[in-house]
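For reference, the structure is listed below as structure tokens.
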Amino acid sequence: RDTYPAAGYVTLLHRQTLDLRTEGVVKETVRHIALILQQRGEDVATTNVWYFEDADEPQVDFALTVTPEGRVLHLSDAALKSESLYSRLPEYQRLARLRFACKEPRPGSVIDVQYTVLRKRGGPFEPVFLTTVFNGEEPIERKEVVVRTPEGKPRILTSDLYAPEPVVAAPDGPAGTWRLTAPRHGLPTEPFMPPLAHIGPTLTLAETATWEDLGEAYARALADLPPLTEALSVRAKELAAAGGAEAIHNFVARTVRTVPVPQWHFRIVPHDPNATAQRGIANELDKNALYWRMLEAAGLEAQFALVRSRDAGPWPANTPSLGLFNRSAVYIPSQNAFTSVESDVLPFDVLPGPLQGAHALVLPYGADSLRLTQQPGPDGESDATHFEAALSGDGTLALTVTYTANGNGQAMYRSLKDLDEQALRNQLTQLAAYLHPSAVLESYDVSELSDISVPPVLTLHCRIPEYAVKAGDELLMFTLPAVSYSAHLVGRPAREFGLFWDHVTRETTEGRITLPQGYALYSLPGNVTIDSGVAAYRARLTANDGTVAFEDAYTLSVDEAPASAYAGYKQCLERRAGLARQRIILTRTK
């Protein structure tokens, strides 16, 4: 407790052993010993053993608690519970977990657990594959990965170690023991924090293979999928004739509901696209397979692609494996762009943020099959706010605010399409209150949010009593309307880790405030211009003929940055937030 005063628990030992000596079987044994330091660390007593119901055999070797008094408490059979993760989705019912909790977890107790899973693995679609991070939110005293391979076959595995710090001792080859050379303190939580695999030493193990062999095997699996039915083929041609690839994209995105089943929670080879269309419910992999097949049926050139999202960790170049890819997309050669139908709130030309600038494998395999997905600039990921405001002499503000968005910013507005009229009004009333606590939502206008081919537009008409504050009989003061910026995410003076965002962005606001009769402008906040290299902000206020015009633009130009960039980024957000708190001051003329 003195060494780790802020930790809930400390891992004393985590050993993961992969025994590959039996052909086609991976015997995985995990031993985990933890000391509970505080009450919030008691969750470490609960263990989930993940396995596939049709291919794996889990077994709890032992699970016990050593109390602070020295009593040894063993796991009871009644504490074991086996459950299917997707039991309500029969088409995806494969992943399951064996769940149990050790007795009497409390500060001072030691939890000692070991379990073994026999996993049937082999071939390119379910390879021997492992990615583990030698770090965690809580401290780790000792962590090991032990690999045992058959004698005479030392090259059955390839390995890749991404290590920002040289803290992992590695064997001469992929077989042997990988271990931490020194204890690791827990990771403090920070805003804009990169995924864990980007921070700690990350080990990737895979069966020895080449991208050419893997690409050809997956292309054959795709070719074995049944052809589309005549009805689906005709529908694809009708859609293409009316609106090309975009019309087919919008049809699949809207008519097939997405279920959150990652492809490695089931299988990497998609279901029959005809069954997907008939079912009307599918995961991202199956939806994109249907989309790709309909494009081909319509005579449009398209290629299926597996994608590794940016939040899955750095690209392990030395370990070719289909297991690296956790997402999918469809590549349109004529537009040199990847598209996805995973979301029904993003249009044809917008990739979800984690898939932008991500590694992809385009099928069939060729010289340029391994590539990066497109990464739009800030203009392609923009949010725009326009307001018209009129201030009365009594301080009341009549305010009309219009929001529009391009790129991933559309998702927030389009999600309102699923609300009924009362729920929508409640949601927009909360949005008006975010603009100002006293704001009264009088009316609103919403575009057709379900039509993803048209950018969303949301307009609020509000009235804000006592928006301006009187200072004596001569002065009237107020802040900029429709502008609410905060710097609370950069409140720390420094940070330990780098910065990470889903995508670049540009946020703009422009509008006009009509001043009340009998008042003249006394002072305006000064203009702002700052560029940190990571983010830039500019703002300008001008006065003309009884009005005040405002315009600003915030641009985040990168999606990753080192910790050294934090100081400049912090200053940029603080200057932006500071402007929103400054007052416009009017003086009485009559």
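Simple scheme: letters A, B, ... for chains in structure tokens order, numbers from 1 for residues in each chain, numbers from 1 for ligands in the order shown.
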Skipping near chain neighbours, those fewer than 2 positions away, what residues fall within 10 Å of region 242-255 of chain A using only C-alpha atoms, listed as a PyMOL selection string?
-> chain A and resi 235-240+257-258+277+280-281+284+287-288+290-292+294-296+298+300-302+332+339-349+450-453
Which of region 325-526 of chain A counts as helix (DSSP H, G or I) under DSSP, as a ChimeraX atom specification please?
-> /A:333-335,353-355,378-380,407-418,421-435,488-490
Identify, with DSSP run on backbone atoms, the residues in region 44-171 of chain A assigned to strand (DSSP E or B), and express the list as number ranges by chain.
-> A: 46-52, 56-66, 72-74, 81-84, 95-101, 110-120, 122, 126, 129-133, 140, 143-148, 157-162, 168-169
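For the residues A:Leu161, A:Leu397, A:Ala182, A:Leu524, ranking by smallest atom-to-atom distance to Ile464 (chain A) using only C-alpha atoms places A:Leu397 first.
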Would you mind listing what lies within 6 Å of region 304-307 of chain A as an mmCIF file with all heavy atoms, in the first residue's frame, with only C-alpha atoms counted and same-chain residues fewer than 3 positions away left out?
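To be explicit, this is the file written out as part-v7.cif:
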```cif
data_model
loop_
_atom_site.group_PDB
_atom_site.id
_atom_site.type_symbol
_atom_site.label_atom_id
_atom_site.label_comp_id
_atom_site.auth_asym_id
_atom_site.auth_seq_id
_atom_site.Cartn_x
_atom_site.Cartn_y
_atom_site.Cartn_z
ATOM 1 N N PHE A 325 -7.353 -7.707 -38.036
ATOM 2 C CA PHE A 325 -8.432 -6.837 -38.516
ATOM 3 C C PHE A 325 -9.692 -7.055 -37.693
ATOM 4 O O PHE A 325 -10.199 -8.163 -37.588
ATOM 5 C CB PHE A 325 -8.707 -7.125 -39.999
ATOM 6 C CG PHE A 325 -7.507 -6.927 -40.875
ATOM 7 C CD1 PHE A 325 -6.782 -8.012 -41.328
ATOM 8 C CD2 PHE A 325 -7.084 -5.655 -41.222
ATOM 9 C CE1 PHE A 325 -5.664 -7.840 -42.128
ATOM 10 C CE2 PHE A 325 -5.972 -5.464 -42.018
ATOM 11 C CZ PHE A 325 -5.253 -6.551 -42.467
ATOM 12 N N ARG A 327 -12.432 -4.769 -38.096
ATOM 13 C CA ARG A 327 -13.521 -4.061 -38.777
ATOM 14 C C ARG A 327 -13.502 -4.417 -40.260
ATOM 15 O O ARG A 327 -12.626 -5.144 -40.737
ATOM 16 C CB ARG A 327 -13.369 -2.535 -38.598
ATOM 17 C CG ARG A 327 -13.298 -2.058 -37.159
ATOM 18 C CD ARG A 327 -14.633 -2.151 -36.431
ATOM 19 N NE ARG A 327 -15.640 -1.270 -37.001
ATOM 20 C CZ ARG A 327 -15.835 -0.002 -36.643
ATOM 21 N NH1 ARG A 327 -15.055 0.533 -35.721
ATOM 22 N NH2 ARG A 327 -16.798 0.716 -37.177
ATOM 23 N N SER A 328 -14.459 -3.879 -41.008
ATOM 24 C CA SER A 328 -14.531 -4.139 -42.441
ATOM 25 C C SER A 328 -15.021 -2.895 -43.166
ATOM 26 O O SER A 328 -15.536 -1.954 -42.547
ATOM 27 C CB SER A 328 -15.460 -5.323 -42.734
ATOM 28 O OG SER A 328 -16.797 -5.003 -42.366
ATOM 29 N N ALA A 329 -14.881 -2.897 -44.494
ATOM 30 C CA ALA A 329 -15.328 -1.791 -45.331
ATOM 31 C C ALA A 329 -15.395 -2.286 -46.772
ATOM 32 O O ALA A 329 -15.069 -3.443 -47.062
ATOM 33 C CB ALA A 329 -14.391 -0.587 -45.209
ATOM 34 N N VAL A 330 -15.822 -1.418 -47.677
ATOM 35 C CA VAL A 330 -15.865 -1.722 -49.109
ATOM 36 C C VAL A 330 -15.105 -0.632 -49.834
ATOM 37 O O VAL A 330 -15.326 0.564 -49.589
ATOM 38 C CB VAL A 330 -17.316 -1.803 -49.624
ATOM 39 C CG1 VAL A 330 -17.335 -1.994 -51.139
ATOM 40 C CG2 VAL A 330 -18.064 -2.942 -48.942
ATOM 41 N N HIS A 359 -5.242 0.879 -41.296
ATOM 42 C CA HIS A 359 -4.692 -0.144 -42.189
ATOM 43 C C HIS A 359 -5.818 -1.044 -42.702
ATOM 44 O O HIS A 359 -6.715 -1.429 -41.945
ATOM 45 C CB HIS A 359 -3.650 -0.987 -41.461
ATOM 46 C CG HIS A 359 -2.360 -0.267 -41.225
ATOM 47 N ND1 HIS A 359 -2.162 0.558 -40.137
ATOM 48 C CD2 HIS A 359 -1.202 -0.228 -41.944
ATOM 49 C CE1 HIS A 359 -0.937 1.068 -40.190
ATOM 50 N NE2 HIS A 359 -0.339 0.605 -41.269
ATOM 51 N N ALA A 360 -5.740 -1.385 -43.998
ATOM 52 C CA ALA A 360 -6.774 -2.201 -44.620
ATOM 53 C C ALA A 360 -6.138 -3.236 -45.540
ATOM 54 O O ALA A 360 -5.054 -3.014 -46.099
ATOM 55 C CB ALA A 360 -7.749 -1.324 -45.407
ATOM 56 N N LEU A 361 -6.827 -4.359 -45.692
ATOM 57 C CA LEU A 361 -6.447 -5.409 -46.632
ATOM 58 C C LEU A 361 -7.557 -5.500 -47.661
ATOM 59 O O LEU A 361 -8.678 -5.908 -47.350
ATOM 60 C CB LEU A 361 -6.278 -6.750 -45.906
ATOM 61 C CG LEU A 361 -5.997 -7.972 -46.803
ATOM 62 C CD1 LEU A 361 -4.636 -7.836 -47.489
ATOM 63 C CD2 LEU A 361 -6.065 -9.259 -45.987
ATOM 64 N N VAL A 362 -7.258 -5.098 -48.904
ATOM 65 C CA VAL A 362 -8.245 -5.062 -49.975
ATOM 66 C C VAL A 362 -8.163 -6.352 -50.766
ATOM 67 O O VAL A 362 -7.082 -6.779 -51.179
ATOM 68 C CB VAL A 362 -8.020 -3.840 -50.888
ATOM 69 C CG1 VAL A 362 -9.053 -3.800 -52.006
ATOM 70 C CG2 VAL A 362 -8.100 -2.549 -50.060
ATOM 71 N N LEU A 363 -9.316 -6.990 -51.011
ATOM 72 C CA LEU A 363 -9.398 -8.251 -51.730
ATOM 73 C C LEU A 363 -9.948 -8.044 -53.135
ATOM 74 O O LEU A 363 -10.788 -7.159 -53.332
ATOM 75 C CB LEU A 363 -10.292 -9.238 -50.966
ATOM 76 C CG LEU A 363 -9.732 -9.888 -49.684
ATOM 77 C CD1 LEU A 363 -8.416 -10.567 -49.954
ATOM 78 C CD2 LEU A 363 -9.629 -8.906 -48.540
#
```
Can you tell me, as number ranges by chain, what residues are no more than 10 Å from Arg1 (chain A) when counting only C-alpha atoms, ignoring any on the same chain fewer than 3 positions away?
-> A: 4-10, 35-38, 108
Do you know which residues are at most 10 Å from Pro194 (chain A) counting only C-alpha atoms, after dropping those on the same chain fewer than 3 positions away, and could you put them as a ChimeraX atom specification?
-> /A:190-191,197-199,310-311,313,497-502,560-561
Keeping only N, CA, C and O atoms, take the residues you just selected and write them out as a PDB file, in the first residue's frame.
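selection_34.pdb, written as the output of this step:
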```pdb
ATOM      1  N   GLU A 190      -6.443  10.022 -18.340  1.00  0.00           N
ATOM      2  CA  GLU A 190      -6.302  11.378 -18.861  1.00  0.00           C
ATOM      3  C   GLU A 190      -7.265  11.583 -20.026  1.00  0.00           C
ATOM      4  O   GLU A 190      -7.529  10.641 -20.773  1.00  0.00           O
ATOM      5  N   PRO A 191      -7.804  12.797 -20.192  1.00  0.00           N
ATOM      6  CA  PRO A 191      -8.628  13.067 -21.376  1.00  0.00           C
ATOM      7  C   PRO A 191      -7.802  12.899 -22.656  1.00  0.00           C
ATOM      8  O   PRO A 191      -6.593  13.091 -22.667  1.00  0.00           O
ATOM      9  N   ALA A 197      -3.064  -0.115 -26.011  1.00  0.00           N
ATOM     10  CA  ALA A 197      -2.037  -0.730 -26.859  1.00  0.00           C
ATOM     11  C   ALA A 197      -1.060   0.291 -27.429  1.00  0.00           C
ATOM     12  O   ALA A 197       0.027  -0.065 -27.885  1.00  0.00           O
ATOM     13  N   HIS A 198      -1.432   1.570 -27.429  1.00  0.00           N
ATOM     14  CA  HIS A 198      -0.527   2.621 -27.906  1.00  0.00           C
ATOM     15  C   HIS A 198       0.425   3.081 -26.807  1.00  0.00           C
ATOM     16  O   HIS A 198       1.376   3.807 -27.085  1.00  0.00           O
ATOM     17  N   ILE A 199       0.153   2.706 -25.568  1.00  0.00           N
ATOM     18  CA  ILE A 199       0.907   3.245 -24.438  1.00  0.00           C
ATOM     19  C   ILE A 199       1.907   2.242 -23.896  1.00  0.00           C
ATOM     20  O   ILE A 199       3.099   2.522 -23.784  1.00  0.00           O
ATOM     21  N   ARG A 310      -7.995   2.273 -35.837  1.00  0.00           N
ATOM     22  CA  ARG A 310      -6.863   2.944 -35.211  1.00  0.00           C
ATOM     23  C   ARG A 310      -6.799   2.665 -33.714  1.00  0.00           C
ATOM     24  O   ARG A 310      -5.713   2.657 -33.131  1.00  0.00           O
ATOM     25  N   ASP A 311      -7.941   2.428 -33.084  1.00  0.00           N
ATOM     26  CA  ASP A 311      -7.914   2.193 -31.643  1.00  0.00           C
ATOM     27  C   ASP A 311      -7.537   0.760 -31.282  1.00  0.00           C
ATOM     28  O   ASP A 311      -7.483   0.411 -30.102  1.00  0.00           O
ATOM     29  N   GLY A 313      -4.631  -0.419 -31.881  1.00  0.00           N
ATOM     30  CA  GLY A 313      -3.207  -0.400 -31.554  1.00  0.00           C
ATOM     31  C   GLY A 313      -2.343  -0.216 -32.781  1.00  0.00           C
ATOM     32  O   GLY A 313      -2.818  -0.231 -33.916  1.00  0.00           O
ATOM     33  N   PHE A 497       0.888  11.011 -20.956  1.00  0.00           N
ATOM     34  CA  PHE A 497       0.758  10.291 -22.210  1.00  0.00           C
ATOM     35  C   PHE A 497       0.435  11.243 -23.354  1.00  0.00           C
ATOM     36  O   PHE A 497       0.069  12.401 -23.153  1.00  0.00           O
ATOM     37  N   GLY A 498       0.538  10.720 -24.573  1.00  0.00           N
ATOM     38  CA  GLY A 498       0.239  11.513 -25.746  1.00  0.00           C
ATOM     39  C   GLY A 498      -1.248  11.798 -25.880  1.00  0.00           C
ATOM     40  O   GLY A 498      -2.075  11.419 -25.040  1.00  0.00           O
ATOM     41  N   LEU A 499      -1.604  12.470 -26.963  1.00  0.00           N
ATOM     42  CA  LEU A 499      -2.988  12.861 -27.234  1.00  0.00           C
ATOM     43  C   LEU A 499      -3.513  12.022 -28.401  1.00  0.00           C
ATOM     44  O   LEU A 499      -2.775  11.720 -29.344  1.00  0.00           O
ATOM     45  N   PHE A 500      -4.803  11.689 -28.375  1.00  0.00           N
ATOM     46  CA  PHE A 500      -5.388  10.807 -29.376  1.00  0.00           C
ATOM     47  C   PHE A 500      -6.846  11.218 -29.594  1.00  0.00           C
ATOM     48  O   PHE A 500      -7.607  11.370 -28.641  1.00  0.00           O
ATOM     49  N   TRP A 501      -7.231  11.401 -30.857  1.00  0.00           N
ATOM     50  CA  TRP A 501      -8.612  11.741 -31.201  1.00  0.00           C
ATOM     51  C   TRP A 501      -9.117  10.798 -32.287  1.00  0.00           C
ATOM     52  O   TRP A 501      -8.330  10.233 -33.048  1.00  0.00           O
ATOM     53  N   ASP A 502     -10.440  10.666 -32.381  1.00  0.00           N
ATOM     54  CA  ASP A 502     -11.039   9.816 -33.414  1.00  0.00           C
ATOM     55  C   ASP A 502     -10.749  10.331 -34.813  1.00  0.00           C
ATOM     56  O   ASP A 502     -10.512   9.560 -35.744  1.00  0.00           O
ATOM     57  N   GLU A 560      -3.380  12.505 -33.730  1.00  0.00           N
ATOM     58  CA  GLU A 560      -2.482  12.038 -32.680  1.00  0.00           C
ATOM     59  C   GLU A 560      -1.417  13.100 -32.447  1.00  0.00           C
ATOM     60  O   GLU A 560      -1.029  13.814 -33.375  1.00  0.00           O
ATOM     61  N   ALA A 561      -0.929  13.179 -31.226  1.00  0.00           N
ATOM     62  CA  ALA A 561       0.131  14.136 -30.902  1.00  0.00           C
ATOM     63  C   ALA A 561       0.880  13.632 -29.670  1.00  0.00           C
ATOM     64  O   ALA A 561       0.292  12.979 -28.803  1.00  0.00           O
TER      65      ALA A 561
END
```
Between A:Asp19, A:Pro105, A:Val25, A:Pro226, single out the one closest to Ala175 (chain A), counting only C-alpha atoms.
-> A:Asp19
Non-local contacts of Asn408 (chain A) (8 Å; only C-alpha atoms; under 6 positions in same chain excluded) as number ranges by chain = A: 346, 350-353, 381
Minimum-distance residue to Asp224 (chain A), chosen among A:Arg148, A:Arg279, A:Arg184, A:His271 (using only C-alpha atoms) = A:His271
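Remark: for Ala494 (chain A), the closest of the candidate residues A:Pro316, A:Gly568, A:Pro90, A:Gly122 is A:Gly568 (distances computed over only C-alpha atoms).
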If we count only C-alpha atoms, what is near Asn544 (chain A) at a cut-off of 10 Å, once residues fewer than 4 positions away on the same chain are taken out, given as JSON, numbers by chain?
-> {"A": [514, 521, 548, 549]}
Take the residues just selected and output them with N, CA, C and O atoms as a CSV table (one decimal), in the first residue's frame.
```csv
chain,number,residue,atom,x,y,z
A,514,THR,N,-28.3,42.0,-32.9
A,514,THR,CA,-28.9,43.4,-33.1
A,514,THR,C,-29.0,44.0,-31.7
A,514,THR,O,-29.6,43.5,-30.8
A,521,LEU,N,-22.6,50.7,-28.4
A,521,LEU,CA,-21.5,49.8,-28.0
A,521,LEU,C,-20.4,50.6,-27.2
A,521,LEU,O,-19.9,51.7,-27.7
A,548,VAL,N,-23.5,43.7,-33.8
A,548,VAL,CA,-22.2,43.1,-33.5
A,548,VAL,C,-22.1,41.8,-34.3
A,548,VAL,O,-23.0,40.9,-34.1
A,549,ALA,N,-21.2,41.7,-35.1
A,549,ALA,CA,-21.0,40.4,-35.9
A,549,ALA,C,-19.8,39.6,-35.2
A,549,ALA,O,-18.8,40.2,-34.8
```
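If you look at CA of Ser557 (chain A) and CA of Gly407 (chain A), they are 14.6 Å away from each other.
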